[in-house]
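File shown: model-v6.txt. Contents: compact mmCIF, C-alpha atoms.
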```txt
# COMPACT_ATOMS: atom_id res chain seq x y z
CA MET O 27 13.35 64.25 16.99
CA GLY O 28 15.89 67.01 16.73
CA HIS O 29 15.99 67.27 20.53
CA PHE O 30 16.34 63.55 21.19
CA GLY O 31 19.31 62.84 23.46
CA ALA O 32 19.91 66.50 24.26
CA ARG O 33 20.81 67.51 27.84
CA PRO O 34 18.00 69.31 29.53
CA PRO O 35 18.69 72.95 30.36
CA ALA O 36 20.13 73.56 33.86
CA SER O 37 17.96 75.09 36.43
CA PRO O 38 18.84 78.53 37.90
CA ALA O 39 19.69 76.99 41.31
CA SER O 40 22.20 74.58 39.86
CA LYS O 41 23.88 77.40 37.89
CA THR O 42 24.42 79.39 41.08
CA ALA O 43 25.92 76.39 42.92
CA ASN O 44 28.34 75.66 40.09
CA ALA O 45 29.40 79.29 39.97
CA ALA O 46 30.14 79.23 43.73
CA VAL O 47 32.26 76.12 43.34
CA VAL O 48 34.23 77.64 40.46
CA LYS O 49 35.04 80.79 42.46
CA LYS O 50 36.78 78.76 45.18
CA VAL O 51 39.12 77.09 42.70
CA LYS O 52 42.18 79.00 41.45
CA TYR O 53 43.96 78.26 38.18
CA PHE O 54 47.24 79.32 36.65
CA TYR O 55 48.59 79.15 33.13
CA ASN O 56 51.40 76.60 32.76
CA THR O 57 53.77 77.86 30.06
CA HIS O 58 55.24 74.41 29.64
CA THR O 59 52.02 72.55 29.01
CA LEU O 60 50.23 75.57 27.52
CA ARG O 61 47.20 74.75 29.63
CA TYR O 62 45.36 76.22 32.58
CA GLU O 63 46.02 74.08 35.59
CA LYS O 64 44.53 74.02 39.06
CA LEU O 65 46.57 75.93 41.71
CA VAL O 66 47.28 73.73 44.76
CA THR O 67 48.85 75.36 47.90
CA PRO O 68 51.34 73.02 49.65
CA LEU O 69 50.72 72.16 53.29
CA ARG O 70 54.12 73.60 54.28
CA VAL O 71 53.15 77.03 52.93
CA LYS O 72 49.83 76.92 54.75
CA LEU O 73 51.60 76.06 58.03
CA LEU O 74 54.13 78.89 57.54
CA ARG O 75 51.31 81.35 56.95
CA ILE O 76 49.55 80.22 60.09
CA PHE O 77 52.77 80.41 62.11
CA GLY O 78 53.52 83.91 60.78
CA PHE O 79 50.05 85.12 61.72
CA VAL O 80 50.34 83.67 65.25
CA ALA O 81 53.86 85.12 65.72
CA ALA O 82 52.73 88.57 64.58
CA ALA O 83 49.76 88.43 66.93
CA LEU O 84 51.93 87.39 69.91
CA THR O 85 54.56 90.08 69.16
CA THR O 86 51.89 92.76 68.92
CA ALA O 87 50.34 91.61 72.19
CA PHE O 88 53.75 91.61 73.92
CA ILE O 89 54.51 95.16 72.74
CA ILE O 90 51.10 96.36 73.91
CA VAL O 91 51.63 94.77 77.35
CA LEU O 92 55.15 96.24 77.59
CA ILE O 93 53.94 99.73 76.75
CA GLY O 94 51.13 99.36 79.26
CA GLN O 95 53.50 98.33 82.03
CA ARG O 96 55.93 101.12 81.16
CA TYR O 97 53.51 104.01 80.94
CA PHE O 98 50.54 102.70 82.88
CA PRO O 99 51.90 100.99 86.03
CA SER O 100 49.51 99.29 88.37
CA ALA O 101 48.78 100.58 91.87
CA ASN O 102 51.12 97.97 93.35
CA GLU O 103 53.91 98.97 90.96
CA ARG O 104 53.45 102.65 91.80
CA THR O 105 53.73 101.80 95.49
CA LEU O 106 56.91 99.81 94.87
CA GLN O 107 58.37 102.64 92.78
CA GLN O 108 57.69 105.13 95.58
CA GLU O 109 59.29 102.81 98.13
CA ASN O 110 62.30 102.40 95.86
CA ALA O 111 62.61 106.19 95.48
CA ASN O 112 62.45 106.59 99.26
CA LEU O 113 65.14 103.92 99.68
CA ARG O 114 67.43 105.73 97.25
CA SER O 115 66.88 109.05 98.99
CA ASN O 116 67.71 107.52 102.38
CA TYR O 117 70.71 105.74 100.86
CA GLN O 118 72.10 109.02 99.50
CA LEU O 119 71.61 110.71 102.89
CA LEU O 120 73.38 107.89 104.71
CA SER O 121 76.14 107.86 102.10
CA ARG O 122 76.82 111.57 102.74
CA GLN O 123 76.94 110.94 106.47
CA ILE O 124 79.33 108.02 105.96
CA ASP O 125 81.52 110.21 103.73
CA GLU O 126 81.70 112.84 106.48
CA LEU O 127 82.64 110.19 109.04
CA GLU O 128 85.29 108.80 106.71
CA GLN O 129 86.79 112.28 106.25
CA ARG O 130 86.96 112.84 110.00
CA LEU O 131 88.43 109.37 110.53
CA ALA O 132 90.98 110.00 107.77
CA THR O 133 92.05 113.18 109.59
CA LEU O 134 92.54 111.18 112.79
CA GLU O 135 94.53 108.56 110.92
CA ARG O 136 96.77 111.19 109.31
CA ARG O 137 97.25 112.86 112.67
CA ASP O 138 98.04 109.48 114.20
CA ASN O 139 100.61 108.56 111.55
CA ASN O 140 102.15 111.99 110.93
CA VAL O 141 102.20 113.34 114.46
CA TYR O 142 101.56 110.97 117.33
CA ARG O 143 103.56 108.04 116.02
CA SER O 144 106.35 110.24 114.66
CA ILE O 145 106.49 111.97 118.05
CA PHE O 146 107.21 108.66 119.75
CA GLU O 147 109.52 107.43 116.99
CA ALA O 148 107.03 104.67 116.17
CA ASP O 149 106.35 103.34 112.69
CA PRO O 150 103.08 104.53 111.11
CA LEU O 151 100.21 102.10 111.43
CA PRO O 152 99.81 100.47 107.99
CA ASP O 153 96.50 100.89 106.24
CA SER O 154 96.20 97.10 106.01
CA ALA O 155 96.06 96.95 109.80
CA ARG O 156 93.26 99.49 109.91
CA ALA O 157 91.26 97.71 107.27
CA ARG O 158 92.45 94.12 107.50
CA LEU O 159 88.93 92.79 106.99
CA LEU O 160 88.31 94.84 103.88
CA ASP O 161 89.79 92.10 101.71
CA GLU O 162 86.80 89.98 102.64
CA ILE O 163 84.39 92.57 101.26
CA ALA O 164 84.07 92.62 97.47
CA GLU O 165 84.10 96.08 95.91
CA LEU O 166 80.55 96.75 94.80
CA LYS O 167 80.18 98.32 91.41
CA LYS O 168 78.05 101.43 91.53
CA VAL O 169 75.35 101.45 88.87
CA GLN O 170 72.52 103.81 88.23
CA SER O 171 69.83 101.26 89.03
CA MET O 172 70.48 99.33 92.24
CA GLY O 173 68.01 96.94 93.78
CA GLN O 174 67.04 97.03 97.43
CA GLU O 175 69.35 94.13 98.29
CA GLN O 176 72.25 95.87 96.54
CA LEU O 177 71.60 99.09 98.47
CA ILE O 178 71.58 97.22 101.78
CA THR O 179 74.70 95.25 100.89
CA ASP O 180 76.58 98.38 99.83
CA MET O 181 75.61 100.23 103.01
CA ALA O 182 76.60 97.24 105.14
CA ALA O 183 80.00 97.13 103.43
CA GLN O 184 80.64 100.81 104.12
CA LEU O 185 79.60 100.49 107.76
CA GLN O 186 81.81 97.41 108.16
CA ARG O 187 84.73 99.35 106.71
CA LEU O 188 84.21 102.20 109.19
CA HIS O 189 83.84 99.72 112.03
CA ASN O 190 87.15 98.06 111.13
CA ARG O 191 88.99 101.35 110.86
CA LEU O 192 87.59 102.66 114.14
CA ASN O 193 88.59 99.47 115.96
CA ALA O 194 92.10 99.65 114.56
CA GLN O 195 92.36 103.35 115.41
CA GLN O 196 91.22 102.68 118.97
CA THR O 197 93.92 100.03 119.28
CA SER O 198 96.47 102.48 117.90
CA PHE O 199 95.52 105.17 120.40
CA GLY O 200 95.80 102.57 123.16
CA SER O 201 99.37 101.83 122.16
CA ILE O 202 100.13 105.55 122.02
CA GLU O 203 98.90 105.95 125.61
CA LYS O 204 101.47 103.36 126.67
CA MET O 205 104.14 105.29 124.78
CA ILE O 206 103.12 108.42 126.67
CA GLU O 207 103.62 106.71 130.00
CA ARG O 208 107.16 105.73 128.97
CA LYS O 209 108.18 109.03 127.44
CA GLN O 210 107.27 111.86 129.80
CA ASP O 211 110.50 113.65 129.03
CA LEU O 212 109.81 113.45 125.32
CA LEU O 213 106.34 114.94 125.77
CA ALA O 214 107.77 118.00 127.45
CA ALA O 215 110.02 118.53 124.43
CA ILE O 216 107.28 118.26 121.78
CA PRO O 217 105.81 121.55 120.48
CA ALA O 218 102.24 121.27 121.74
CA ILE O 219 100.70 124.73 122.16
CA GLN O 220 100.12 127.80 120.00
CA PRO O 221 102.95 130.35 120.18
CA VAL O 222 100.57 133.27 120.79
CA ALA O 223 97.29 133.57 122.68
CA ASN O 224 94.61 132.55 120.20
CA LYS O 225 91.54 131.34 122.08
CA ASP O 226 89.08 132.63 119.46
CA LEU O 227 91.19 131.02 116.68
CA GLU O 228 91.04 134.20 114.60
CA ARG O 229 94.77 134.86 114.38
CA ILE O 230 95.70 132.20 111.83
CA ALA O 231 96.42 134.28 108.71
CA SER O 232 98.28 131.88 106.46
CA GLY O 233 98.94 128.16 106.63
CA PHE O 234 101.65 125.70 105.64
CA GLY O 235 102.11 125.04 101.92
CA TYR O 236 102.19 127.02 98.71
CA ARG O 237 100.88 130.55 99.22
CA ILE O 238 101.05 133.82 97.27
CA ASP O 239 104.24 135.68 98.19
CA PRO O 240 103.29 139.19 99.38
CA ILE O 241 106.32 140.75 97.70
CA TYR O 242 106.72 138.82 94.43
CA LYS O 243 103.03 137.89 94.01
CA VAL O 244 103.83 134.36 92.88
CA PRO O 245 103.12 131.00 94.59
CA LYS O 246 105.97 130.07 96.92
CA MET O 247 106.39 127.45 99.62
CA HIS O 248 105.33 128.84 102.99
CA ALA O 249 107.04 126.58 105.51
CA GLY O 250 105.14 127.68 108.61
CA LEU O 251 102.09 129.42 110.05
CA ASP O 252 101.47 133.16 110.23
CA PHE O 253 99.69 134.49 113.34
CA THR O 254 98.44 138.04 113.06
CA ALA O 255 98.69 140.00 116.34
CA PRO O 256 99.33 143.59 117.44
CA THR O 257 102.93 144.64 117.86
CA GLY O 258 104.10 143.76 121.36
CA THR O 259 101.92 140.64 121.77
CA PRO O 260 103.85 138.05 123.86
CA ILE O 261 105.31 135.03 122.07
CA TYR O 262 105.58 131.75 124.01
CA ALA O 263 107.93 128.79 123.69
CA THR O 264 105.79 125.85 122.57
CA ALA O 265 107.88 123.22 124.38
CA ASP O 266 110.81 122.82 126.77
CA GLY O 267 114.23 123.26 125.24
CA ARG O 268 117.42 125.28 124.88
CA VAL O 269 117.64 128.48 122.82
CA LYS O 270 119.84 127.72 119.81
CA GLU O 271 119.67 131.14 118.18
CA ALA O 272 118.35 134.56 119.25
CA SER O 273 119.39 137.28 116.84
CA PHE O 274 118.54 139.24 113.69
CA ASN O 275 118.34 137.14 110.54
CA SER O 276 119.16 138.99 107.31
CA GLY O 277 117.58 136.24 105.21
CA GLY O 278 114.06 137.57 105.83
CA TYR O 279 113.16 136.30 109.32
CA GLY O 280 114.24 139.54 111.03
CA ASN O 281 114.49 139.22 114.80
CA ASN O 282 114.07 135.50 115.34
CA VAL O 283 114.51 132.77 117.94
CA VAL O 284 115.29 129.11 117.26
CA ILE O 285 114.77 126.62 120.11
CA ASP O 286 116.27 123.13 120.13
CA HIS O 287 113.88 120.85 122.00
CA GLY O 288 115.86 117.65 121.58
CA PHE O 289 114.59 114.39 120.08
CA GLY O 290 115.07 115.96 116.64
CA TYR O 291 112.64 118.85 117.23
CA GLU O 292 113.28 122.56 116.71
CA THR O 293 110.94 125.56 116.51
CA LEU O 294 111.48 128.95 114.89
CA TYR O 295 109.80 132.26 115.79
CA ALA O 296 110.35 135.14 113.34
CA HIS O 297 109.73 138.89 112.78
CA MET O 298 109.84 139.80 116.51
CA VAL O 299 109.86 143.46 117.48
CA ARG O 300 112.08 142.54 120.42
CA ILE O 301 113.76 139.34 121.65
CA LYS O 302 113.71 138.35 125.30
CA ALA O 303 115.41 134.92 125.18
CA ARG O 304 119.17 134.58 124.89
CA ALA O 305 121.23 131.94 123.11
CA GLY O 306 122.05 129.01 125.39
CA GLN O 307 119.16 129.77 127.74
CA THR O 308 116.91 126.91 128.93
CA VAL O 309 113.20 127.66 128.50
CA LYS O 310 109.98 125.97 129.53
CA ARG O 311 106.79 125.52 127.56
CA GLY O 312 104.68 128.69 127.88
CA GLU O 313 107.62 130.95 128.77
CA VAL O 314 107.76 134.34 126.99
CA ILE O 315 110.68 134.47 124.56
CA GLY O 316 109.85 137.72 122.71
CA TRP O 317 107.15 139.97 121.30
CA VAL O 318 105.33 140.18 117.96
CA GLY O 319 106.64 142.64 115.42
CA SER O 320 107.25 143.14 111.70
CA THR O 321 111.01 142.96 111.21
CA GLY O 322 112.69 141.35 108.21
CA LYS O 323 110.67 140.39 105.11
CA SER O 324 107.25 141.17 106.53
CA THR O 325 104.22 143.11 105.33
CA GLY O 326 102.58 143.58 108.73
CA ALA O 327 102.78 142.76 112.42
CA HIS O 328 102.64 138.97 112.79
CA LEU O 329 104.52 135.92 114.03
CA HIS O 330 105.91 133.40 111.55
CA TYR O 331 106.17 130.05 113.33
CA GLU O 332 107.87 126.87 112.10
CA VAL O 333 108.34 123.32 113.40
CA ILE O 334 111.37 121.34 112.22
CA LYS O 335 111.62 117.56 112.71
CA ASN O 336 114.98 115.94 111.97
CA GLY O 337 115.90 118.87 109.73
CA VAL O 338 112.63 118.83 107.76
CA LYS O 339 110.06 121.60 108.11
CA VAL O 340 106.64 120.10 108.89
CA ASP O 341 103.16 121.56 109.19
CA PRO O 342 102.83 123.12 112.67
CA ILE O 343 99.06 122.72 112.58
CA TYR O 344 99.45 119.12 113.76
CA PHE O 345 101.19 120.17 116.98
CA PHE O 346 98.45 122.15 118.72
CA TYR O 347 96.94 119.14 120.46
CA ASN O 348 97.68 120.32 123.99
CA ASP O 349 95.40 123.36 124.23
CA LEU O 350 92.59 122.72 121.72
CA THR O 351 89.37 120.74 121.80
CA PRO O 352 88.58 118.50 118.79
CA GLU O 353 86.07 121.08 117.56
CA GLN O 354 88.61 123.89 117.81
CA TYR O 355 91.22 121.78 116.09
CA ASN O 356 88.91 121.03 113.15
CA ARG O 357 88.18 124.72 112.79
CA LEU O 358 91.88 125.54 112.92
CA LEU O 359 92.50 123.02 110.15
CA GLN O 360 89.98 124.79 107.94
CA LEU O 361 91.51 128.20 108.60
CA ALA O 362 95.05 127.00 107.92
CA ALA O 363 94.00 125.30 104.68
CA THR O 364 92.79 128.56 103.13
CA ARG O 365 94.76 129.37 99.98
CA ASN O 366 95.63 133.00 100.53
CA GLN O 367 98.58 135.38 100.62
CA SER O 368 101.20 134.96 103.28
CA PHE O 369 102.58 137.83 105.39
CA ASP O 370 106.24 137.06 104.62
```
Mind converting the file's structure to structure tokens?
Amino acid sequence: MGHFGARPPASPASKTANAAVVKKVKYFYNTHTLRYEKLVTPLRVKLLRIFGFVAAALTTAFIIVLIGQRYFPSANERTLQQENANLRSNYQLLSRQIDELEQRLATLERRDNNVYRSIFEADPLPDSARARLLDEIAELKKVQSMGQEQLITDMAAQLQRLHNRLNAQQTSFGSIEKMIERKQDLLAAIPAIQPVANKDLERIASGFGYRIDPIYKVPKMHAGLDFTAPTGTPIYATADGRVKEASFNSGGYGNNVVIDHGFGYETLYAHMVRIKARAGQTVKRGEVIGWVGSTGKSTGAHLHYEVIKNGVKVDPIYFFYNDLTPEQYNRLLQLAATRNQSFD
């Protein structure tokens, strides 16, 4: 009777099932209601958690792929990298060759403007005429990493620039040839040979420009060329003209000769051991006017030679076009450009 209506005891299996269900449910203590309440996670939080997990997984996968591509390139990528390296090497080689060509062309252009066109009293050819198509070529910005198309475009631009300049220079030389035909008399009056025999080109001792003065040991303007030669070596007039002065100069030139060639040209020959020409005498190109010596302000036997155009002393190196090949002329330019001590 005492057990009437009592709930039968739960079986062991049912106890285990209830325990499993209780473990999956989370509760929290609500301080407002002072009761334990069931914790329910909102759908928005669940979605954010899923999105965060997926984003983290994708980011990790992307980093792994990036590292693999960077440090473990495929066979195809290694081949492309090698081809790219070869392209850059060839590009650098061609760039050096183009630079050399541009330097040689720049020398021709300077010689054209400063000598040939000034000889014939013609205006220098403007740079815009030599490179009139350059405005159509955009200046390419050099960057450390250039793609194959950029390399090709840059090289094509440089070659186009050289092509334009060469065409313009050829046109300029053509016009100069016509000037030559009209000005035979002028040609005879232009200093065009070396004033001493110098076939091996070893006698250029000091060039035009600032050089160390042999006496004061400070940089001073050297307005001519010094040719070393033994005392008594013949000195030749470099163009037709009339002897303006043939005497001893106390200002440092010693025994010197000045020839007026007309058309604004004069030449000066200094430090002679003996003078042959006389003032007022007419001389021809190649005629002996004196002999090398060391008179005046001189530290050794040599000839100091100057070219004056319209009262301005100019570099004589540009006036040896009559007896030199292009190769010899380039070598002479290098010798004259040496920064050394002058002889006077």
Residues near Gly267 (chain O), anyone? I mean within 10 Å using all atoms listed in the file, not counting same-chain ones fewer than 4 positions away, as a PDB file with C-alpha atoms, in the frame of the given file.
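What landed in result.pdb:
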```
ATOM      1  CA  ALA O 214     107.770 118.000 127.450  1.00  0.00           C
ATOM      2  CA  ALA O 215     110.020 118.530 124.430  1.00  0.00           C
ATOM      3  CA  ILE O 216     107.280 118.260 121.780  1.00  0.00           C
ATOM      4  CA  PRO O 217     105.810 121.550 120.480  1.00  0.00           C
ATOM      5  CA  ALA O 263     107.930 128.790 123.690  1.00  0.00           C
ATOM      6  CA  VAL O 284     115.290 129.110 117.260  1.00  0.00           C
ATOM      7  CA  ILE O 285     114.770 126.620 120.110  1.00  0.00           C
ATOM      8  CA  ASP O 286     116.270 123.130 120.130  1.00  0.00           C
ATOM      9  CA  HIS O 287     113.880 120.850 122.000  1.00  0.00           C
ATOM     10  CA  GLY O 288     115.860 117.650 121.580  1.00  0.00           C
ATOM     11  CA  TYR O 291     112.640 118.850 117.230  1.00  0.00           C
ATOM     12  CA  GLU O 292     113.280 122.560 116.710  1.00  0.00           C
ATOM     13  CA  THR O 293     110.940 125.560 116.510  1.00  0.00           C
ATOM     14  CA  GLY O 306     122.050 129.010 125.390  1.00  0.00           C
ATOM     15  CA  GLN O 307     119.160 129.770 127.740  1.00  0.00           C
ATOM     16  CA  THR O 308     116.910 126.910 128.930  1.00  0.00           C
ATOM     17  CA  VAL O 309     113.200 127.660 128.500  1.00  0.00           C
ATOM     18  CA  LYS O 310     109.980 125.970 129.530  1.00  0.00           C
ATOM     19  CA  ARG O 311     106.790 125.520 127.560  1.00  0.00           C
TER      20      ARG O 311
END
```
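Between Thr325 (chain O) and the residues O:His189, O:His297, O:Lys339, O:Lys302, the shortest atom-to-atom distance, using only C-alpha atoms, involves O:His297.
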**Request:** Would you work out the distance separating CA of Pro221 (chain O) from CA of Tyr262 (chain O), expressed in Å to one decimal?
**Result:**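 Going from CA of Pro221 (chain O) over to CA of Tyr262 (chain O) covers 4.9 Å.
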**Message:** I'd like the interatomic distance between CA of Arg75 (chain O) and CA of Gly94 (chain O), to a tenth of an Å.
**Reply:**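 Between CA of Arg75 (chain O) and CA of Gly94 (chain O) the gap is 28.7 Å.
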**Request:** Would you work out the distance separating CA of Lys246 (chain O) from CA of Gly258 (chain O), expressed in Å to one decimal?
**Result:** 28.1 Å
**Message:** So that I can check the surroundings of region 115-126 of chain O, please list as a VMD selection string every protein, DNA and RNA residue that reaches within 9 Å of it, counting only C-alpha atoms and ignoring chain neighbours fewer than 2 positions away.
**Reply:** chain O and resid 110 to 113 128 to 131 177 to 178 181 184 to 185 188
